[in-house]
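> Structure file work-v4.txt (compact mmCIF, C-alpha atoms) is given on the next line.
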# COMPACT_ATOMS: atom_id res chain seq x y z
CA MET A 1 21.59 -8.66 -15.77
CA ASN A 2 24.96 -8.43 -14.07
CA ARG A 3 24.48 -9.83 -10.61
CA TRP A 4 27.80 -8.31 -9.50
CA MET A 5 26.42 -4.85 -10.16
CA LYS A 6 26.75 -2.60 -7.10
CA VAL A 7 23.37 -1.19 -6.16
CA ALA A 8 23.04 1.21 -3.24
CA ILE A 9 19.69 1.96 -1.62
CA ILE A 10 19.84 5.24 0.29
CA LYS A 11 19.12 4.60 3.95
CA TYR A 12 17.09 7.26 5.68
CA ASN A 13 14.30 7.72 8.19
CA ALA A 14 11.57 6.61 5.82
CA GLY A 15 9.09 3.77 5.66
CA ASN A 16 9.29 0.51 3.85
CA ILE A 17 12.83 0.56 2.37
CA ARG A 18 13.14 -3.18 2.95
CA SER A 19 10.60 -3.95 0.22
CA VAL A 20 12.80 -2.31 -2.44
CA ASP A 21 15.67 -4.52 -1.31
CA HIS A 22 13.41 -7.59 -1.52
CA ALA A 23 12.23 -6.65 -5.02
CA LEU A 24 15.85 -6.41 -6.21
CA LYS A 25 16.63 -9.78 -4.61
CA ARG A 26 13.77 -11.31 -6.63
CA LEU A 27 15.58 -9.98 -9.72
CA GLY A 28 18.80 -11.62 -8.54
CA VAL A 29 20.55 -8.45 -7.39
CA GLU A 30 22.00 -7.94 -3.91
CA ALA A 31 21.81 -4.30 -2.88
CA VAL A 32 23.25 -2.51 0.13
CA ILE A 33 21.11 -0.18 2.24
CA THR A 34 23.47 2.60 3.25
CA ASP A 35 23.99 6.29 4.01
CA ASP A 36 27.78 6.00 3.63
CA HIS A 37 29.04 8.49 1.04
CA GLU A 38 31.93 6.30 -0.19
CA THR A 39 29.68 3.31 -0.80
CA ILE A 40 27.10 5.43 -2.61
CA LEU A 41 29.73 7.11 -4.80
CA LYS A 42 31.15 3.71 -5.83
CA ALA A 43 27.74 2.23 -6.73
CA ASP A 44 26.70 1.46 -10.32
CA ARG A 45 23.07 2.24 -9.50
CA VAL A 46 21.55 4.29 -6.69
CA ILE A 47 17.95 3.95 -5.54
CA PHE A 48 16.37 6.69 -3.45
CA PRO A 49 13.13 5.18 -2.12
CA GLY A 50 10.72 6.48 0.38
CA VAL A 51 7.52 6.78 2.14
CA GLY A 52 7.42 9.63 4.59
CA GLU A 53 7.09 13.33 5.11
CA ALA A 54 9.04 15.89 3.04
CA ALA A 55 10.34 18.37 5.65
CA SER A 56 11.69 15.89 8.21
CA THR A 57 13.19 13.71 5.48
CA MET A 58 14.97 16.69 3.84
CA GLU A 59 16.31 17.67 7.25
CA TYR A 60 17.66 14.15 7.77
CA LEU A 61 19.29 14.15 4.31
CA LYS A 62 20.85 17.59 4.83
CA GLU A 63 22.34 16.65 8.20
CA ARG A 64 24.21 13.86 6.42
CA GLU A 65 24.88 15.93 3.27
CA LEU A 66 23.10 13.27 1.26
CA ASP A 67 21.17 15.96 -0.68
CA THR A 68 24.28 17.39 -2.34
CA LEU A 69 25.75 13.91 -2.79
CA LEU A 70 22.65 12.71 -4.65
CA LYS A 71 22.54 15.76 -6.91
CA GLY A 72 26.18 15.25 -7.93
CA LEU A 73 25.92 11.54 -8.80
CA SER A 74 26.74 10.51 -12.36
CA CYS A 75 25.45 6.90 -12.33
CA PRO A 76 21.76 6.15 -13.02
CA VAL A 77 19.69 7.19 -9.97
CA LEU A 78 16.09 6.11 -9.36
CA GLY A 79 13.86 8.03 -6.95
CA ILE A 80 10.68 6.32 -5.78
CA CYS A 81 7.52 8.01 -4.42
CA LEU A 82 8.73 10.59 -1.87
CA GLY A 83 12.11 10.13 -3.59
CA GLN A 84 10.70 11.58 -6.82
CA GLN A 85 9.15 14.50 -4.93
CA LEU A 86 12.37 15.32 -3.04
CA MET A 87 14.30 15.33 -6.34
CA CYS A 88 12.19 18.38 -7.32
CA SER A 89 13.04 21.94 -6.23
CA TRP A 90 10.27 22.60 -3.69
CA SER A 91 7.36 20.82 -2.01
CA GLU A 92 4.11 22.27 -0.77
CA GLU A 93 4.34 19.68 2.03
CA GLY A 94 5.69 21.77 4.91
CA ASP A 95 6.83 24.47 2.41
CA THR A 96 10.06 22.51 1.95
CA PRO A 97 13.00 23.40 -0.33
CA CYS A 98 14.11 20.10 -1.89
CA ILE A 99 17.15 18.74 -3.76
CA GLY A 100 16.42 20.47 -7.06
CA ILE A 101 17.34 17.91 -9.73
CA PHE A 102 13.99 18.46 -11.46
CA ASP A 103 13.13 22.17 -11.58
CA GLN A 104 9.54 21.57 -10.47
CA ALA A 105 7.22 22.34 -7.57
CA VAL A 106 5.39 19.50 -5.79
CA ARG A 107 1.70 20.18 -5.11
CA HIS A 108 -1.03 18.76 -2.88
CA PHE A 109 -3.96 17.17 -4.71
CA PRO A 110 -7.07 19.43 -4.79
CA LYS A 111 -8.90 19.12 -1.48
CA ASP A 112 -12.45 19.23 -2.79
CA GLY A 113 -12.18 16.41 -5.30
CA LEU A 114 -11.65 12.67 -4.96
CA LYS A 115 -10.26 10.91 -1.91
CA VAL A 116 -6.73 11.70 -0.80
CA PRO A 117 -4.31 9.90 -0.50
CA HIS A 118 -4.45 8.62 -4.06
CA MET A 119 -4.13 5.01 -2.98
CA GLY A 120 -4.22 1.93 -5.16
CA TRP A 121 -3.64 0.81 -8.74
CA ASN A 122 -3.85 3.36 -11.53
CA SER A 123 -2.88 3.20 -15.20
CA LEU A 124 0.11 4.61 -17.05
CA ASP A 125 -1.63 6.69 -19.73
CA ARG A 126 1.32 8.17 -21.64
CA VAL A 127 4.90 7.06 -21.65
CA LYS A 128 8.11 8.51 -23.10
CA GLY A 129 11.83 8.01 -22.50
CA ILE A 130 13.74 4.83 -21.74
CA LEU A 131 12.76 3.85 -18.20
CA ILE A 132 9.25 2.64 -18.94
CA PRO A 133 8.83 0.37 -21.97
CA ALA A 134 6.07 1.49 -24.37
CA GLU A 135 4.41 -1.91 -23.95
CA LEU A 136 3.43 -0.79 -20.44
CA ILE A 137 1.06 1.93 -21.66
CA GLY A 138 -2.28 1.13 -20.04
CA SER A 139 -0.67 -1.08 -17.36
CA TYR A 140 -1.63 -0.57 -13.74
CA VAL A 141 0.93 0.34 -11.10
CA TYR A 142 0.59 0.96 -7.35
CA PHE A 143 0.42 4.49 -5.93
CA VAL A 144 0.16 5.90 -2.40
CA HIS A 145 0.56 9.67 -2.21
CA SER A 146 -1.14 12.96 -1.39
CA TYR A 147 1.29 15.25 -3.25
CA TYR A 148 2.12 15.16 -6.96
CA VAL A 149 4.45 16.63 -9.57
CA PRO A 150 2.53 18.36 -12.39
CA VAL A 151 3.14 17.26 -15.98
CA CYS A 152 6.30 19.06 -17.20
CA GLU A 153 9.21 18.70 -19.64
CA ASP A 154 10.81 16.01 -17.42
CA THR A 155 7.65 13.86 -17.30
CA ALA A 156 8.36 10.31 -18.49
CA ALA A 157 4.91 8.84 -17.79
CA GLU A 158 1.51 10.33 -17.06
CA THR A 159 -1.31 9.08 -14.86
CA SER A 160 -4.58 10.86 -14.08
CA TYR A 161 -6.20 11.37 -10.71
CA MET A 162 -8.38 14.46 -10.65
CA LEU A 163 -5.73 15.82 -13.08
CA PRO A 164 -2.86 14.39 -15.12
CA PHE A 165 0.41 14.25 -13.12
CA SER A 166 3.96 12.90 -13.48
CA ALA A 167 3.85 9.17 -12.78
CA ALA A 168 7.51 9.01 -13.80
CA MET A 169 10.26 11.53 -14.60
CA GLN A 170 13.62 11.57 -16.29
CA LYS A 171 16.40 14.11 -16.72
CA ASP A 172 19.95 13.10 -17.72
CA ASN A 173 20.97 10.19 -15.44
CA PHE A 174 18.12 10.86 -12.99
CA TYR A 175 14.96 8.75 -13.10
CA ALA A 176 11.98 8.74 -10.79
CA THR A 177 8.60 7.13 -10.30
CA GLN A 178 5.72 8.39 -8.18
CA PHE A 179 4.37 4.82 -8.00
CA HIS A 180 6.06 1.94 -6.21
CA PRO A 181 7.64 -0.40 -8.79
CA GLU A 182 8.57 -2.76 -5.95
CA LYS A 183 4.85 -3.22 -5.20
CA SER A 184 3.51 -3.09 -8.76
CA GLY A 185 3.52 -6.76 -9.71
CA GLY A 186 4.86 -7.73 -13.15
CA PRO A 187 4.97 -4.21 -14.66
CA GLY A 188 6.93 -2.97 -11.64
CA GLU A 189 9.48 -5.76 -11.98
CA LEU A 190 9.91 -4.90 -15.65
CA ILE A 191 10.62 -1.25 -14.80
CA LEU A 192 13.15 -2.12 -12.08
CA LYS A 193 14.84 -4.54 -14.50
CA GLN A 194 14.94 -1.81 -17.15
CA PHE A 195 16.59 0.57 -14.65
CA LEU A 196 19.24 -2.01 -13.78
CA GLU A 197 19.93 -2.66 -17.45
CA LEU A 198 20.18 1.01 -18.55
CA MET B 199 -8.60 5.77 -13.68
CA LEU B 200 -7.96 4.52 -10.18
CA ALA B 201 -9.02 0.86 -10.04
CA LYS B 202 -11.28 -0.68 -7.42
CA ARG B 203 -9.31 -3.14 -5.33
CA ILE B 204 -10.03 -6.81 -4.58
CA ILE B 205 -8.47 -7.91 -1.29
CA PRO B 206 -8.37 -11.51 -0.05
CA CYS B 207 -7.97 -11.74 3.73
CA LEU B 208 -5.96 -14.55 5.31
CA ASP B 209 -6.28 -15.54 8.97
CA ILE B 210 -3.03 -16.67 10.54
CA ARG B 211 -2.56 -18.77 13.66
CA ASP B 212 0.92 -19.74 14.86
CA GLY B 213 2.38 -18.70 11.52
CA LEU B 214 0.00 -20.81 9.40
CA THR B 215 -3.16 -19.99 7.44
CA VAL B 216 -6.28 -21.14 9.19
CA LYS B 217 -8.65 -21.64 6.29
CA GLY B 218 -8.11 -22.74 2.76
CA ILE B 219 -8.60 -25.72 0.52
CA ASN B 220 -5.95 -27.24 -1.66
CA PHE B 221 -5.38 -25.19 -4.77
CA GLU B 222 -3.59 -26.43 -7.82
CA ASN B 223 0.00 -25.20 -8.06
CA VAL B 224 0.17 -24.33 -4.40
CA ILE B 225 2.64 -26.58 -2.65
CA ASP B 226 1.41 -26.11 0.87
CA VAL B 227 -1.86 -24.31 1.34
CA GLY B 228 -1.10 -23.91 5.04
CA ASP B 229 1.84 -21.71 4.10
CA PRO B 230 0.64 -18.08 4.07
CA VAL B 231 3.49 -17.08 1.76
CA GLU B 232 2.53 -19.67 -0.88
CA LEU B 233 -1.15 -18.83 -0.63
CA GLY B 234 -0.43 -15.09 -0.82
CA ALA B 235 1.79 -15.59 -3.87
CA LYS B 236 -1.00 -17.57 -5.52
CA TYR B 237 -3.48 -14.74 -4.92
CA ALA B 238 -0.96 -12.22 -6.28
CA ARG B 239 -0.51 -14.32 -9.45
CA ASP B 240 -4.31 -14.52 -9.77
CA GLY B 241 -4.59 -10.73 -9.78
CA ALA B 242 -5.44 -9.86 -6.17
CA ASP B 243 -4.68 -6.15 -5.72
CA GLU B 244 -3.64 -6.32 -2.11
CA LEU B 245 -3.67 -8.82 0.75
CA VAL B 246 -4.59 -8.59 4.41
CA TYR B 247 -2.95 -10.97 6.89
CA LEU B 248 -4.73 -11.10 10.23
CA ASP B 249 -2.91 -12.69 13.15
CA ILE B 250 -5.42 -14.43 15.40
CA THR B 251 -2.76 -15.96 17.63
CA ALA B 252 -3.16 -15.28 21.31
CA THR B 253 0.23 -16.44 22.55
CA HIS B 254 3.52 -14.58 22.74
CA GLU B 255 5.32 -17.33 20.78
CA GLY B 256 2.72 -17.11 18.03
CA ARG B 257 3.29 -13.37 17.78
CA LYS B 258 7.01 -13.88 17.22
CA LEU B 259 6.22 -16.39 14.47
CA PHE B 260 3.99 -13.76 12.89
CA ALA B 261 6.79 -11.16 12.67
CA ASP B 262 9.04 -13.78 11.03
CA LEU B 263 6.22 -14.59 8.65
CA VAL B 264 5.77 -10.92 7.70
CA ARG B 265 9.45 -10.81 6.75
CA ARG B 266 9.03 -13.86 4.48
CA ILE B 267 5.84 -12.46 2.93
CA SER B 268 7.65 -9.22 2.12
CA GLU B 269 10.47 -11.16 0.45
CA HIS B 270 8.12 -13.02 -1.85
CA LEU B 271 5.16 -10.76 -2.54
CA ASN B 272 5.23 -8.10 -5.28
CA ILE B 273 1.93 -6.45 -4.28
CA PRO B 274 1.12 -4.44 -1.13
CA PHE B 275 -0.03 -6.16 2.04
CA THR B 276 -1.55 -5.11 5.36
CA VAL B 277 -1.01 -6.93 8.64
CA GLY B 278 -3.22 -6.80 11.69
CA GLY B 279 -3.90 -8.42 15.03
CA GLY B 280 -2.44 -7.61 18.42
CA ILE B 281 -0.89 -4.25 17.54
CA ASP B 282 -1.25 -2.41 20.85
CA ARG B 283 1.80 -0.16 20.81
CA VAL B 284 3.82 1.94 18.36
CA GLU B 285 6.67 -0.56 18.91
CA ASP B 286 4.49 -3.40 17.57
CA ALA B 287 3.79 -1.39 14.41
CA ASP B 288 7.48 -0.47 14.06
CA LEU B 289 8.50 -4.13 14.27
CA LEU B 290 6.06 -5.06 11.48
CA LEU B 291 7.18 -2.12 9.33
CA SER B 292 10.81 -3.20 9.71
CA ALA B 293 9.75 -6.72 8.74
CA GLY B 294 8.38 -5.27 5.48
CA ALA B 295 4.65 -4.68 6.02
CA ASP B 296 3.14 -1.89 3.88
CA LYS B 297 0.34 -1.09 6.31
CA VAL B 298 -0.86 -2.11 9.75
CA SER B 299 -4.47 -2.57 10.70
CA ILE B 300 -5.57 -1.67 14.23
CA ASN B 301 -9.00 -2.35 15.69
CA SER B 302 -9.73 -2.88 19.42
CA SER B 303 -6.46 -1.23 20.44
CA ALA B 304 -7.54 2.00 18.69
CA VAL B 305 -10.83 2.00 20.60
CA ARG B 306 -9.05 1.45 23.90
CA ASP B 307 -6.34 4.01 23.11
CA PRO B 308 -7.42 6.36 20.28
CA GLY B 309 -4.10 8.24 20.56
CA LEU B 310 -2.44 5.13 19.10
CA VAL B 311 -3.78 6.18 15.67
CA ASP B 312 -2.11 9.60 16.01
CA ARG B 313 1.16 8.09 17.20
CA ILE B 314 1.47 5.46 14.45
CA ALA B 315 0.40 7.94 11.73
CA GLY B 316 2.77 10.57 13.13
CA GLY B 317 5.66 8.16 13.24
CA PHE B 318 5.25 6.32 9.96
CA GLY B 319 2.76 8.27 7.84
CA LYS B 320 -1.00 8.10 7.36
CA GLN B 321 -0.69 5.64 4.49
CA PHE B 322 0.63 3.09 7.00
CA VAL B 323 -2.47 3.09 9.24
CA VAL B 324 -5.65 1.19 8.46
CA VAL B 325 -8.29 1.41 11.17
CA ALA B 326 -10.54 -1.65 11.16
CA ILE B 327 -14.02 -1.18 12.60
CA ASP B 328 -16.42 -4.01 13.43
CA ALA B 329 -19.95 -2.72 13.90
CA GLN B 330 -23.44 -4.10 14.35
CA TRP B 331 -26.76 -2.54 13.32
CA LYS B 332 -29.02 -2.80 16.36
CA ASP B 333 -31.72 -0.53 17.76
CA ASP B 334 -31.42 1.91 14.83
CA ARG B 335 -27.72 2.47 15.37
CA TRP B 336 -24.38 1.08 14.16
CA THR B 337 -22.57 0.13 17.40
CA VAL B 338 -18.82 -0.44 17.32
CA TYR B 339 -17.60 -3.72 18.85
CA VAL B 340 -14.16 -4.80 20.05
CA ASN B 341 -12.39 -8.11 20.76
CA GLY B 342 -13.43 -9.74 17.52
CA GLY B 343 -17.04 -8.62 17.80
CA ARG B 344 -17.51 -9.93 21.33
CA ILE B 345 -17.74 -6.69 23.32
CA PRO B 346 -19.97 -3.71 22.44
CA THR B 347 -18.65 -0.20 23.04
CA ASN B 348 -20.41 3.15 23.41
CA LYS B 349 -19.02 4.28 20.05
CA GLU B 350 -21.12 4.81 16.94
CA LEU B 351 -19.70 3.80 13.55
CA PHE B 352 -19.78 7.09 11.62
CA THR B 353 -18.64 9.26 14.53
CA TRP B 354 -15.79 6.88 15.30
CA ALA B 355 -14.74 6.65 11.63
CA ARG B 356 -14.59 10.46 11.34
CA GLU B 357 -12.60 10.65 14.57
CA VAL B 358 -9.94 8.18 13.42
CA GLN B 359 -9.75 9.93 10.05
CA ASP B 360 -9.02 13.20 11.90
CA ARG B 361 -6.45 11.39 14.03
CA GLY B 362 -4.55 10.27 10.94
CA ALA B 363 -5.99 6.97 9.66
CA GLY B 364 -5.17 6.44 5.97
CA GLU B 365 -7.99 3.98 5.32
CA ILE B 366 -11.04 2.48 7.02
CA LEU B 367 -11.74 -1.25 6.91
CA PHE B 368 -15.40 -1.64 7.88
CA THR B 369 -16.92 -5.02 8.69
CA SER B 370 -20.66 -5.27 9.21
CA MET B 371 -21.23 -7.96 11.83
CA ASN B 372 -24.83 -8.32 10.57
CA HIS B 373 -23.56 -9.30 7.13
CA ASP B 374 -20.30 -11.11 7.92
CA GLY B 375 -20.55 -14.82 7.17
CA THR B 376 -24.04 -14.60 5.64
CA LYS B 377 -22.93 -14.48 1.99
CA GLN B 378 -25.99 -12.29 1.36
CA GLY B 379 -24.04 -9.24 0.21
CA TYR B 380 -22.22 -6.30 1.77
CA ALA B 381 -23.84 -3.63 3.97
CA CYS B 382 -24.00 -1.31 0.97
CA ASP B 383 -26.09 1.49 2.54
CA ALA B 384 -23.76 1.88 5.52
CA ILE B 385 -20.68 1.63 3.29
CA ARG B 386 -22.09 4.32 0.99
CA GLU B 387 -22.75 6.56 3.99
CA LEU B 388 -19.20 5.99 5.29
CA SER B 389 -17.69 6.65 1.89
CA SER B 390 -19.67 9.90 1.56
CA GLN B 391 -18.72 11.15 5.01
CA LEU B 392 -15.01 10.34 4.76
CA THR B 393 -12.22 11.74 2.60
CA ILE B 394 -10.05 8.60 2.96
CA PRO B 395 -10.61 5.25 1.17
CA VAL B 396 -13.09 2.72 2.55
CA ILE B 397 -12.53 -1.05 2.36
CA ALA B 398 -15.81 -2.98 2.59
CA SER B 399 -15.88 -6.29 4.44
CA GLY B 400 -18.48 -8.88 5.40
CA GLY B 401 -21.14 -10.59 3.33
CA ALA B 402 -19.54 -11.38 -0.04
CA GLY B 403 -21.22 -14.43 -1.52
CA SER B 404 -21.50 -13.75 -5.24
CA LYS B 405 -19.87 -11.74 -8.00
CA GLU B 406 -22.92 -9.44 -8.12
CA HIS B 407 -22.26 -8.46 -4.50
CA PHE B 408 -18.97 -6.90 -5.59
CA VAL B 409 -20.68 -4.86 -8.32
CA GLU B 410 -23.19 -3.64 -5.72
CA VAL B 411 -20.57 -2.64 -3.17
CA PHE B 412 -18.55 -0.71 -5.75
CA GLU B 413 -21.49 0.94 -7.51
CA HIS B 414 -24.10 1.47 -4.83
CA GLY B 415 -21.76 1.20 -1.83
CA MET B 416 -19.10 3.48 -3.38
CA ALA B 417 -16.42 1.31 -1.73
CA ASP B 418 -12.82 1.83 -2.82
CA ALA B 419 -11.92 -1.78 -2.13
CA ALA B 420 -13.72 -4.99 -1.23
CA LEU B 421 -12.35 -7.61 1.12
CA ALA B 422 -13.43 -11.24 1.36
CA ALA B 423 -12.09 -14.46 2.83
CA SER B 424 -14.03 -17.70 2.47
CA ILE B 425 -15.23 -17.27 -1.11
CA PHE B 426 -11.59 -17.01 -2.17
CA HIS B 427 -10.17 -19.63 0.19
CA TYR B 428 -12.74 -22.23 -0.77
CA ASN B 429 -12.35 -21.23 -4.42
CA GLU B 430 -16.07 -20.49 -4.73
CA ILE B 431 -15.21 -17.38 -6.74
CA PRO B 432 -11.68 -17.47 -8.15
CA VAL B 433 -10.09 -14.00 -8.29
CA PRO B 434 -9.51 -14.03 -12.10
CA GLU B 435 -13.16 -14.96 -12.74
CA LEU B 436 -14.35 -12.18 -10.40
CA LYS B 437 -12.15 -9.58 -12.09
CA ASP B 438 -13.36 -10.58 -15.56
CA TYR B 439 -16.93 -10.28 -14.37
CA LEU B 440 -16.34 -6.82 -12.88
CA LYS B 441 -14.62 -5.59 -16.05
CA LYS B 442 -17.63 -6.67 -18.08
CA ALA B 443 -19.84 -4.79 -15.62
CA ASN B 444 -17.78 -1.66 -16.42
CA ILE B 445 -16.13 -1.43 -13.03
CA THR B 446 -12.56 -0.07 -13.29
CA ILE B 447 -10.42 -3.07 -12.40
CA ARG B 448 -6.74 -3.73 -12.86
Produce structure tokens that represent the structure in this file.


Amino acid sequence: MNRWMKVAIIKYNAGNIRSVDHALKRLGVEAVITDDHETILKADRVIFPGVGEAASTMEYLKERELDTLLKGLSCPVLGICLGQQLMCSWSEEGDTPCIGIFDQAVRHFPKDGLKVPHMGWNSLDRVKGILIPAELIGSYVYFVHSYYVPVCEDTAAETSYMLPFSAAMQKDNFYATQFHPEKSGGPGELILKQFLEL
Amino acid sequence: MLAKRIIPCLDIRDGLTVKGINFENVIDVGDPVELGAKYARDGADELVYLDITATHEGRKLFADLVRRISEHLNIPFTVGGGIDRVEDADLLLSAGADKVSINSSAVRDPGLVDRIAGGFGKQFVVVAIDAQWKDDRWTVYVNGGRIPTNKELFTWAREVQDRGAGEILFTSMNHDGTKQGYACDAIRELSSQLTIPVIASGGAGSKEHFVEVFEHGMADAALAASIFHYNEIPVPELKDYLKKANITIR
């Protein structure tokens, strides 16, 4: 891996962004956490992490025009957790119009089924595309979420919780995971490494 | 399938782990980062770090420690102890904690659950409840099990769920330290009444106890301290055993 690679982590009003930075450091890559357009445009890789709530986060991104910036990027972009959801076109959470990279609607898990949030380690049941190596089929990764993206043409990995959903997505240069690779032990490190080496 | 979680709990005083024997391949067992990394390598699904320091200086050491843990650990971890205000939670989040656990402070100021969940999301808030079965009732205690309150376990658990707790960490004071097994009936009742995950704590003494708490107790996760720290049941051995018992385990 090229340790001089410029990696930008989008800074916004979300939870544990620091842990993504730490995970990259463990892979030998120094990232910058920034909301500066110039820096993001010059980056070789952009990571859009997040734990938080859809409506207030979209509002924050829009105020800084980060939504249009993200959509127009041509380098590999990785959305994580809420990041994946906000890269879709709409979220049921607060009836929120989102960035619209993936033409999909984000749904809340059924309320009369298992416990929500879906919290903990679950397995990658199907995998396609280049972000997640086929050897990781059956591997466990760490999820924390109440909303999900249904399985669709952009689905790059499937996991089941009450129903099958998009554990990962890919479209052109845009990649996303519903799980947290930065908290998913060895398999997570492999996926982050794969993203940096695309 | 969502896996059941195994969670070792580490007590911290003045930035160092309180319990623990010398493990192989762990340079300094007093170092919470080293010990945590060892548990992560062994297959622990999550860790809980509980600060039992009483002094202001110790608290500052703890925040520094959380930052170092976050740098080194590639699994989620919860931190607890002395979180009385939203600012305390914010400081630990900035240091890299995935979740905070609040206990007595939530009883004294239930609105704290709403405020932390509102500010940082439900997934960030674990409400820990210590309770004792006495006179046909589960009474909630505060201050490390020293002071009884007028709250009842199930009512209190439902209240904090409504206020925005993302998980409940329930310790049965009757079972804690006995190594005779978890309070499976109460845990099952909690798990049935709640729509958020329940972490069972108190009483783990054998591998069978974990099967019981997952099957009969319907717990989503099981926490233990001494059996892991004194290497009575190594994490890999426990996970093998649970897999053979057809429990979904990572």

> Would you list which chain A residues are within 9 Å of chain B using all atoms listed in the file, as a ChimeraX atom specification?

/A:14-19,21-23,25-26,51-53,114-123,139-142,144-145,159-161,181-186,188-189

> Need the shell around Pro76 of chain A: protein/DNA/RNA residues with any atom at most 12 Å away, counting all atoms listed in the file. Skip same-chain ones fewer than 4 positions apart. Format as a list in words?

Lys6, Val7, Ala8, Ile40, Leu41, Ala43, Asp44, Arg45, Val46, Ile47, Phe48, Leu70, Lys71, Gly72, Ile130, Leu131, Gln170, Lys171, Asp172, Asn173, Phe174, Tyr175, Ala176, Leu192, Gln194, Phe195, Leu196, Glu197 and Leu198 of chain A

> Nearest to Ser399 of chain B: which of B:Ala242, B:Cys207, B:Gly309, B:Val298 is it, counting all atoms listed in the file?

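Between B:Ala242, B:Cys207, B:Gly309, B:Val298, the residue approaching Ser399 of chain B most closely is B:Cys207.
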
> Atom CA of Ile397 of chain B and atom CA of Thr253 of chain B, how far apart in Å?

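Value for the atom CA of Thr253 of chain B-atom CA of Ile397 of chain B distance: 28.4 Å.
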
> Can you measure atom CA of Thr177 of chain A to atom CA of Gly138 of chain A for me? One decimal in Å is fine.

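Pair atom CA of Thr177 of chain A / atom CA of Gly138 of chain A returns 15.8 Å.
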
> Please return as JSON, numbers by chain every residue within 10 Å of (25.8, 2.7, 4.2), taking into account all atoms listed in the file and the file's own coordinates.

{"A": [8, 9, 10, 11, 12, 32, 33, 34, 35, 36, 37, 38, 39, 40]}

> Please report the interatomic distance between atom CA of Pro150 of chain A and atom CA of Glu93 of chain A in Å with one decimal.

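Separation between atom CA of Pro150 of chain A and atom CA of Glu93 of chain A: 14.6 Å.
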
> Which of these, B:Thr353, B:Thr215, B:Asn341, B:Asn372, has the shortest distance to Ser302 of chain B once you count all atoms listed in the file?

B:Asn341

> Taking the partial coordinates given, rebuild segment 247-259 of chain B to contain N, CA and C atoms; return it as a CSV table (one decimal), keeping the file's coordinate frame.


chain,number,residue,atom,x,y,z
B,247,TYR,N,-3.3,-9.8,6.0
B,247,TYR,CA,-3.0,-11.0,6.9
B,247,TYR,C,-3.3,-10.6,8.3
B,248,LEU,N,-4.2,-11.4,8.9
B,248,LEU,CA,-4.7,-11.1,10.2
B,248,LEU,C,-4.2,-12.2,11.2
B,249,ASP,N,-3.4,-11.7,12.2
B,249,ASP,CA,-2.9,-12.7,13.2
B,249,ASP,C,-3.9,-12.9,14.2
B,250,ILE,N,-4.4,-14.2,14.4
B,250,ILE,CA,-5.4,-14.4,15.4
B,250,ILE,C,-4.8,-15.2,16.5
B,251,THR,N,-3.5,-15.3,16.6
B,251,THR,CA,-2.8,-16.0,17.6
B,251,THR,C,-2.9,-15.2,18.9
B,252,ALA,N,-3.0,-15.9,20.0
B,252,ALA,CA,-3.2,-15.3,21.3
B,252,ALA,C,-1.8,-15.3,22.1
B,253,THR,N,-1.0,-16.2,21.7
B,253,THR,CA,0.2,-16.4,22.6
B,253,THR,C,1.4,-15.6,22.1
B,254,HIS,N,2.3,-15.4,23.0
B,254,HIS,CA,3.5,-14.6,22.7
B,254,HIS,C,4.4,-15.3,21.7
B,255,GLU,N,4.5,-16.6,21.8
B,255,GLU,CA,5.3,-17.3,20.8
B,255,GLU,C,4.7,-17.2,19.4
B,256,GLY,N,3.4,-17.2,19.3
B,256,GLY,CA,2.7,-17.1,18.0
B,256,GLY,C,3.0,-15.8,17.4
B,257,ARG,N,3.0,-14.7,18.3
B,257,ARG,CA,3.3,-13.4,17.8
B,257,ARG,C,4.7,-13.3,17.2
B,258,LYS,N,5.6,-13.9,17.8
B,258,LYS,CA,7.0,-13.9,17.2
B,258,LYS,C,7.0,-14.6,15.9
B,259,LEU,N,6.3,-15.7,15.7
B,259,LEU,CA,6.2,-16.4,14.5
B,259,LEU,C,5.6,-15.5,13.4
